[in-house]
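Quick look at start-v3.txt (compact mmCIF, C-alpha atoms):
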```
# COMPACT_ATOMS: atom_id res chain seq x y z
CA MET D 1 73.63 98.14 188.05
CA LYS D 2 75.98 99.75 190.60
CA SER D 3 78.86 102.04 189.70
CA LEU D 4 82.42 101.13 190.67
CA LYS D 5 83.41 104.80 190.71
CA GLY D 6 80.56 105.56 193.11
CA LYS D 7 81.64 102.82 195.51
CA ILE D 8 85.28 103.94 195.50
CA PHE D 9 84.16 107.56 196.02
CA LYS D 10 82.05 106.45 198.98
CA TYR D 11 85.03 104.76 200.64
CA ILE D 12 87.24 107.82 200.04
CA VAL D 13 84.62 110.10 201.60
CA LEU D 14 84.22 107.75 204.56
CA ILE D 15 87.98 107.61 205.20
CA SER D 16 88.29 111.39 204.90
CA ALA D 17 85.36 111.92 207.26
CA LEU D 18 86.76 109.54 209.88
CA MET D 19 90.19 111.17 209.67
CA SER D 20 88.60 114.59 210.13
CA VAL D 21 86.55 113.37 213.08
CA PHE D 22 89.65 111.89 214.75
CA ALA D 23 91.59 115.09 214.22
CA VAL D 24 88.81 117.29 215.60
CA VAL D 25 88.22 115.05 218.62
CA ILE D 26 91.87 114.84 219.59
CA LEU D 27 92.56 118.53 219.04
CA PHE D 28 89.41 119.44 220.99
CA GLY D 29 90.56 117.22 223.84
CA ILE D 30 93.99 118.84 223.93
CA MET D 31 92.54 122.34 223.89
CA TYR D 32 90.05 121.46 226.59
CA GLU D 33 92.79 120.04 228.80
CA PHE D 34 95.01 123.05 228.16
CA TYR D 35 92.39 125.66 229.04
CA ASN D 36 91.27 123.84 232.19
CA ASN D 37 94.82 123.32 233.47
CA ARG D 38 96.65 126.33 232.11
CA SER D 39 98.39 126.98 235.42
CA SER D 40 100.01 123.55 235.56
CA TYR D 41 100.89 123.29 231.75
CA ASN D 42 104.12 124.41 230.24
CA GLU D 43 105.11 124.58 226.61
CA ALA D 44 107.10 121.29 226.69
CA GLU D 45 104.16 119.35 228.10
CA LEU D 46 101.80 120.91 225.54
CA LEU D 47 104.10 119.95 222.68
CA MET D 48 104.42 116.43 224.05
CA ASP D 49 100.62 116.05 224.31
CA VAL D 50 100.23 117.34 220.76
CA PHE D 51 102.92 114.88 219.53
CA ILE D 52 101.32 111.92 221.32
CA ALA D 53 97.86 112.91 220.07
CA THR D 54 99.18 113.20 216.52
CA VAL D 55 100.82 109.73 216.67
CA VAL D 56 97.66 108.20 218.07
CA MET D 57 95.58 109.94 215.42
CA LEU D 58 97.85 108.83 212.55
CA THR D 59 97.99 105.27 213.85
CA ALA D 60 94.23 105.10 214.13
CA GLN D 61 93.79 106.68 210.70
CA THR D 62 96.28 104.23 209.14
CA GLY D 63 94.55 101.23 210.66
CA ILE D 64 91.08 102.39 209.66
CA SER D 65 92.31 103.37 206.15
CA ALA D 66 93.93 99.94 205.68
CA LEU D 67 90.72 98.22 206.79
CA LEU D 68 88.57 100.32 204.48
CA ALA D 69 91.07 99.86 201.59
CA TYR D 70 90.88 96.09 202.08
CA ARG D 71 87.08 96.23 202.04
CA ALA D 72 87.16 98.46 198.94
CA SER D 73 89.58 96.21 197.02
CA LYS D 74 87.56 93.13 197.97
CA SER D 75 84.34 94.72 196.75
CA ILE D 76 86.09 95.69 193.50
CA THR D 77 87.66 92.29 192.76
CA GLU D 78 84.75 90.14 193.95
CA PRO D 79 82.50 90.86 190.91
CA ILE D 80 85.44 90.14 188.59
CA ASN D 81 86.16 86.82 190.31
CA LYS D 82 82.48 85.87 190.13
CA LEU D 83 82.22 86.82 186.45
CA ASN D 84 80.78 83.92 184.42
CA LEU D 85 83.19 83.69 181.47
CA GLU D 86 80.87 81.40 179.50
CA ASP D 87 77.88 83.74 179.91
CA PRO D 88 79.22 87.09 181.23
CA LYS D 89 75.92 88.93 180.75
CA SER D 90 74.26 86.64 183.31
CA THR D 91 76.52 88.08 186.06
CA SER D 92 75.65 91.39 187.71
CA VAL D 93 78.72 93.63 187.39
CA TYR D 94 79.59 97.28 187.78
CA ARG D 95 78.87 99.57 184.86
CA GLU D 96 82.63 100.00 184.35
CA LEU D 97 82.96 96.21 183.81
CA SER D 98 80.18 96.07 181.22
CA PRO D 99 82.55 96.68 178.24
CA LEU D 100 84.74 93.79 179.47
CA ALA D 101 81.72 91.51 179.79
CA GLU D 102 80.54 92.48 176.31
CA ARG D 103 84.00 91.87 174.86
CA ILE D 104 84.15 88.43 176.47
CA GLU D 105 80.69 87.73 175.03
CA VAL D 106 81.85 88.73 171.53
CA GLN D 107 84.99 86.58 171.83
CA ASN D 108 82.90 83.65 173.04
CA ARG D 109 80.71 83.96 169.95
CA GLN D 110 83.80 84.15 167.72
CA ILE D 111 85.34 81.09 169.38
CA ALA D 112 82.05 79.19 169.05
CA LYS D 113 81.87 80.10 165.36
CA GLN D 114 85.49 79.05 164.81
CA LEU D 115 84.84 75.73 166.56
CA THR D 116 81.75 75.17 164.39
CA ASP D 117 83.74 76.01 161.25
CA MET D 118 86.52 73.66 162.34
CA ARG D 119 84.02 70.85 162.98
CA ASN D 120 82.40 71.46 159.59
CA GLU D 121 85.80 71.56 157.90
CA HIS D 122 86.79 68.35 159.66
CA ALA D 123 83.54 66.71 158.54
CA ASN D 124 84.12 67.92 154.97
CA GLN D 125 87.71 66.67 155.02
CA ASP D 126 86.55 63.34 156.38
CA ALA D 127 83.89 63.06 153.66
CA MET D 128 86.46 64.01 151.00
CA ARG D 129 88.86 61.41 152.37
CA ARG D 130 86.20 58.70 152.19
CA ASP D 131 85.20 59.76 148.68
CA PHE D 132 88.83 59.88 147.61
CA THR D 133 89.47 56.39 149.01
CA ALA D 134 86.38 55.02 147.27
CA ASN D 135 87.30 56.71 143.98
CA VAL D 136 90.90 55.52 144.14
CA SER D 137 89.73 51.99 144.84
CA HIS D 138 87.37 52.14 141.86
CA GLU D 139 89.92 53.73 139.53
CA LEU D 140 92.56 51.16 140.48
CA LYS D 141 90.20 48.21 140.37
CA THR D 142 88.96 48.90 136.82
CA PRO D 143 92.32 48.61 135.01
CA LEU D 144 93.50 45.83 137.31
CA THR D 145 90.39 43.79 136.50
CA SER D 146 90.99 44.36 132.79
CA ILE D 147 94.66 43.37 133.08
CA SER D 148 93.79 40.29 135.11
CA GLY D 149 91.12 39.26 132.60
CA TYR D 150 93.35 39.54 129.54
CA ALA D 151 96.26 37.88 131.35
CA GLU D 152 94.01 34.96 132.38
CA LEU D 153 92.88 34.44 128.78
CA ILE D 154 96.50 34.26 127.65
CA LYS D 155 97.57 32.07 130.59
CA THR D 156 94.82 29.47 130.15
CA GLY D 157 95.37 29.29 126.38
CA ILE D 158 91.82 30.40 125.63
CA ALA D 159 93.13 33.36 123.64
CA LYS D 160 93.91 32.58 120.03
CA ASP D 161 97.42 33.23 118.77
CA GLU D 162 96.25 36.11 116.63
CA ASP D 163 94.59 37.70 119.69
CA VAL D 164 97.58 37.46 122.01
CA LYS D 165 99.27 40.53 120.59
CA ARG D 166 96.05 42.57 120.86
CA PHE D 167 95.48 41.40 124.44
CA ALA D 168 99.09 42.25 125.30
CA GLY D 169 98.45 45.74 123.90
CA LYS D 170 95.37 46.07 126.14
CA ILE D 171 97.40 44.96 129.15
CA TYR D 172 100.08 47.52 128.28
CA ASP D 173 97.53 50.33 127.89
CA GLU D 174 95.83 49.52 131.20
CA SER D 175 99.17 49.24 133.02
CA GLN D 176 100.18 52.66 131.64
CA ARG D 177 96.88 54.01 132.91
CA LEU D 178 97.70 52.59 136.35
CA ILE D 179 101.18 54.11 136.32
CA THR D 180 99.73 57.51 135.38
CA LEU D 181 97.05 57.25 138.07
CA VAL D 182 99.50 56.30 140.80
CA GLY D 183 101.82 59.11 139.69
CA ASP D 184 98.99 61.66 139.85
CA ILE D 185 97.93 60.42 143.28
CA ILE D 186 101.50 60.81 144.55
CA LYS D 187 101.77 64.33 143.09
CA LEU D 188 98.44 65.32 144.61
CA SER D 189 99.42 63.91 147.99
CA GLN D 190 102.72 65.80 147.94
CA LEU D 191 101.08 69.08 146.96
CA ASP D 192 98.32 68.61 149.52
CA GLY D 193 100.84 68.07 152.30
CA ASN D 194 103.32 70.74 151.06
CA ASP D 195 105.83 67.90 150.75
CA VAL D 196 107.16 68.83 147.31
CA LYS D 197 110.94 68.97 147.28
CA VAL D 198 111.78 71.30 144.40
CA ASN D 199 114.23 74.06 143.67
CA VAL D 200 112.86 77.60 143.44
CA GLU D 201 114.55 79.40 140.55
CA LYS D 202 114.01 82.12 137.97
CA PHE D 203 112.90 80.98 134.51
CA ASP D 204 111.11 82.17 131.37
CA LEU D 205 107.42 81.22 131.47
CA TYR D 206 107.08 81.71 127.71
CA ASN D 207 109.83 79.14 127.02
CA MET D 208 108.20 76.71 129.43
CA CYS D 209 104.88 77.01 127.58
CA GLU D 210 106.73 76.25 124.34
CA GLY D 211 108.12 73.07 125.88
CA VAL D 212 104.75 71.98 127.27
CA LEU D 213 102.97 72.50 123.95
CA SER D 214 105.67 70.58 122.08
CA HIS D 215 104.83 67.52 124.21
CA LEU D 216 101.18 67.84 123.14
CA GLU D 217 101.80 68.09 119.39
CA MET D 218 101.04 64.42 118.70
CA ALA D 219 97.81 64.47 120.71
CA ALA D 220 96.78 67.70 118.93
CA LYS D 221 97.48 66.20 115.48
CA GLU D 222 95.28 63.19 116.25
CA LYS D 223 92.35 65.56 116.83
CA ASN D 224 93.45 68.05 114.17
CA VAL D 225 93.68 70.73 116.85
CA THR D 226 95.72 73.85 116.06
CA ILE D 227 97.95 75.11 118.88
CA LYS D 228 99.12 78.72 118.99
CA LEU D 229 101.42 80.44 121.50
CA THR D 230 101.27 84.23 121.81
CA GLY D 231 102.74 86.84 124.14
CA SER D 232 106.35 87.42 125.08
CA SER D 233 109.12 86.32 127.42
CA ASN D 234 108.27 86.89 131.07
CA TYR D 235 110.39 85.64 133.94
CA ILE D 236 109.07 84.39 137.27
CA THR D 237 110.76 82.89 140.33
CA ALA D 238 108.98 79.73 141.43
CA ALA D 239 109.14 75.92 141.67
CA GLU D 240 109.67 75.07 138.00
CA LEU D 241 108.42 71.47 138.24
CA VAL D 242 105.15 72.53 139.88
CA VAL D 243 104.54 75.29 137.32
CA GLU D 244 105.22 72.85 134.47
CA GLU D 245 102.79 70.33 135.97
CA ILE D 246 100.08 73.01 136.21
CA LEU D 247 100.55 74.21 132.64
CA PHE D 248 100.70 70.69 131.22
CA ASN D 249 97.43 69.62 132.88
CA ILE D 250 95.57 72.72 131.69
CA CYS D 251 96.91 72.53 128.13
CA ASP D 252 96.35 68.76 128.03
CA ASN D 253 92.69 69.29 128.96
CA ALA D 254 92.39 72.04 126.33
CA VAL D 255 93.48 69.52 123.66
CA LYS D 256 91.74 66.49 125.12
CA TYR D 257 88.31 68.09 125.49
CA ASN D 258 88.48 70.06 122.26
CA LYS D 259 86.43 69.48 119.14
CA TYR D 260 87.94 67.90 116.06
CA GLY D 261 89.61 70.68 114.08
CA GLY D 262 89.49 73.04 117.07
CA ARG D 263 92.02 75.58 118.37
CA VAL D 264 94.06 76.07 121.53
CA THR D 265 95.62 79.49 122.20
CA VAL D 266 98.13 80.03 124.99
CA ASP D 267 99.13 83.59 125.88
CA VAL D 268 101.85 84.78 128.26
CA SER D 269 101.66 88.43 129.31
CA GLN D 270 102.73 90.78 132.08
CA ARG D 271 100.09 92.16 134.44
CA VAL D 272 100.22 94.63 137.31
CA ASP D 273 99.88 91.83 139.87
CA GLY D 274 102.12 89.28 138.11
CA VAL D 275 102.60 87.22 134.97
CA GLU D 276 99.42 85.75 133.48
CA VAL D 277 99.12 82.62 131.38
CA THR D 278 95.80 82.31 129.52
CA VAL D 279 94.80 79.00 127.92
CA SER D 280 91.76 79.24 125.62
CA ASP D 281 90.16 76.44 123.62
CA THR D 282 87.19 75.93 121.31
CA GLY D 283 86.14 72.71 123.02
CA ILE D 284 83.00 71.22 124.48
CA GLY D 285 82.85 73.72 127.35
CA ILE D 286 81.73 73.21 130.92
CA PRO D 287 78.08 73.45 132.07
CA LYS D 288 77.39 75.99 134.82
CA ASP D 289 76.27 73.26 137.22
CA ASP D 290 79.67 71.58 136.90
CA MET D 291 81.83 74.68 137.27
CA GLU D 292 82.06 74.52 141.06
CA HIS D 293 83.11 70.85 140.96
CA ILE D 294 85.79 70.84 138.26
CA PHE D 295 88.68 71.05 140.74
CA GLU D 296 87.41 68.09 142.77
CA ARG D 297 89.33 64.84 142.63
CA PHE D 298 88.16 62.33 140.01
CA TYR D 299 85.41 64.71 138.85
CA ARG D 300 84.74 64.48 135.12
CA VAL D 301 82.38 66.77 133.23
CA ASP D 302 81.92 64.39 130.28
CA LYS D 303 81.48 61.14 132.18
CA SER D 304 80.11 59.22 129.18
CA HIS D 305 83.31 59.73 127.17
CA SER D 306 85.83 59.69 130.03
CA LYS D 307 87.09 56.23 129.07
CA GLU D 308 87.65 57.28 125.45
CA ILE D 309 89.29 60.58 126.36
CA GLY D 310 91.53 59.03 129.00
CA GLY D 311 93.11 60.72 131.97
CA THR D 312 92.77 60.06 135.67
CA GLY D 313 90.32 62.79 136.67
CA LEU D 314 93.01 64.33 138.91
CA GLY D 315 94.45 66.90 136.49
CA LEU D 316 92.54 69.98 137.64
CA SER D 317 92.81 68.91 141.26
CA ILE D 318 96.59 68.89 140.81
CA VAL D 319 96.27 72.35 139.21
CA LYS D 320 94.30 73.64 142.19
CA HIS D 321 96.77 72.33 144.77
CA GLY D 322 99.76 73.40 142.69
CA VAL D 323 98.42 76.95 142.40
CA LYS D 324 97.83 77.03 146.16
CA TYR D 325 101.33 75.69 146.80
CA LEU D 326 102.85 78.47 144.66
CA GLY D 327 100.64 81.23 146.03
CA ALA D 328 99.28 81.88 142.54
CA SER D 329 95.64 82.19 141.43
CA VAL D 330 93.47 80.41 138.86
CA SER D 331 90.11 81.31 137.31
CA VAL D 332 87.94 79.56 134.73
CA GLU D 333 85.37 80.88 132.26
CA SER D 334 83.45 78.50 130.04
CA GLU D 335 80.44 78.18 127.76
CA VAL D 336 79.02 74.90 126.53
CA ASN D 337 79.90 74.14 122.87
CA VAL D 338 81.87 77.41 122.66
CA GLY D 339 85.00 76.76 124.72
CA THR D 340 86.87 77.32 127.95
CA THR D 341 89.40 79.91 129.11
CA VAL D 342 91.69 79.26 132.08
CA ARG D 343 93.77 82.09 133.55
CA ILE D 344 96.66 81.56 135.95
CA VAL D 345 98.46 84.50 137.53
CA PHE D 346 101.92 83.81 138.95
```
Please go through the file and, once you have read it, give me the structure as structure tokens.
Amino acid sequence: MKSLKGKIFKYIVLISALMSVFAVVILFGIMYEFYNNRSSYNEAELLMDVFIATVVMLTAQTGISALLAYRASKSITEPINKLNLEDPKSTSVYRELSPLAERIEVQNRQIAKQLTDMRNEHANQDAMRRDFTANVSHELKTPLTSISGYAELIKTGIAKDEDVKRFAGKIYDESQRLITLVGDIIKLSQLDGNDVKVNVEKFDLYNMCEGVLSHLEMAAKEKNVTIKLTGSSNYITAAELVVEEILFNICDNAVKYNKYGGRVTVDVSQRVDGVEVTVSDTGIGIPKDDMEHIFERFYRVDKSHSKEIGGTGLGLSIVKHGVKYLGASVSVESEVNVGTTVRIVF
């Protein structure tokens, strides 16, 4: 591999040598002419010959220097112009250009990795979109089929009078399930696209937890679950509606998936990196194999009892996207038949 410094040094030496040769030749010629014709030379003629010789020498030196400079610049830029940007190491370059070629090679690898990651992410997003569409279709079809069936029995007169009220109750329950599902899908879509139009304000997280738990009192009584709120007032500045949605979904799961006679403890405390809300329950717990999937849409740990427990399967997915929207963090610890603890740091 040639050296760029060596080539430039060679051109400088060549120019200097040629300039020296020109100067010696011209001066030698003047001196020779002067000594051979001393009788006919005067000082004015000698000065004029020296001036003319100097102009000729400088002109020749300038022309030759320009030509050599052009050749030098061309030899310097030619390897750069011929550099293969896709595979720079395949091109023979000067040693001084090796760091540039290596840097281009590193950047090419980084770009290739980023493109691969983007393609994988796109494939994952596409797969998630297809799964989401299939799951939504299934979740919508199930209650609609039930509603249609009960309504048909009433319409055709097959249902007995004493069954009409019960069938109407089933229709009402399934329609409420549909309304909840559609609402959750809309919330998830808004959070996913950062399209939530809410006011950011300062509020007491402890008071919000009190309000959320008060809405779950009836559900807790049905399962004889004891709810306890600990901690103290801590203020945060955030989108209140999104925070409330996060807390409600987590606390609702803590009650819903709890054991009969179990406990739910919610704690609000100040940490170095923010305000932490901890929701602990004594419920059924989450198996280790399911832990990495719990924030996926429509994923249910207890699939056999999902119909009895209710819900849309979008609660924790809404939590995940809400936390991301707020710039908060969420972590989950769980043990089967012991309970689950969810921590959110705002």
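Taking CA of Leu140 in chain D and CA of Leu314 in chain D as endpoints, the distance between them is 13.3 Å.
You will find CA of Val330 in chain D at 22.2 Å from CA of Asn199 in chain D.
Atom pair CA of Asn224 in chain D / CA of Arg263 in chain D: separated by 8.7 Å.
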Sel. within 10 Å of pt (105.5, 84.4, 145.4), counting only C-alpha atoms, output as a PyMOL selection string: chain D and resi 236-239+274+325-328+346
Residue among D:Gly63, D:Gly339, D:Gly211, D:Gly149 lying closest to Leu229 in chain D, counting only C-alpha atoms: D:Gly211
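Each of D:Tyr172, D:Tyr70, D:Phe248, D:Tyr150 was checked against Met208 in chain D using only C-alpha atoms; the smallest atom-to-atom distance is that of D:Phe248.
Using all atoms listed in the file, the protein and nucleic acid residues lying no more than 12 Å from Pro287 in chain D, apart from those fewer than 3 places from it along its own chain, are Ile284, Asp290, Met291, Glu292, His293, Ile294, Arg300, Val301, Asp302, Val332, Glu333, Ser334, Glu335, Val336, Asn337, Val338, Gly339 and Thr340 of chain D.
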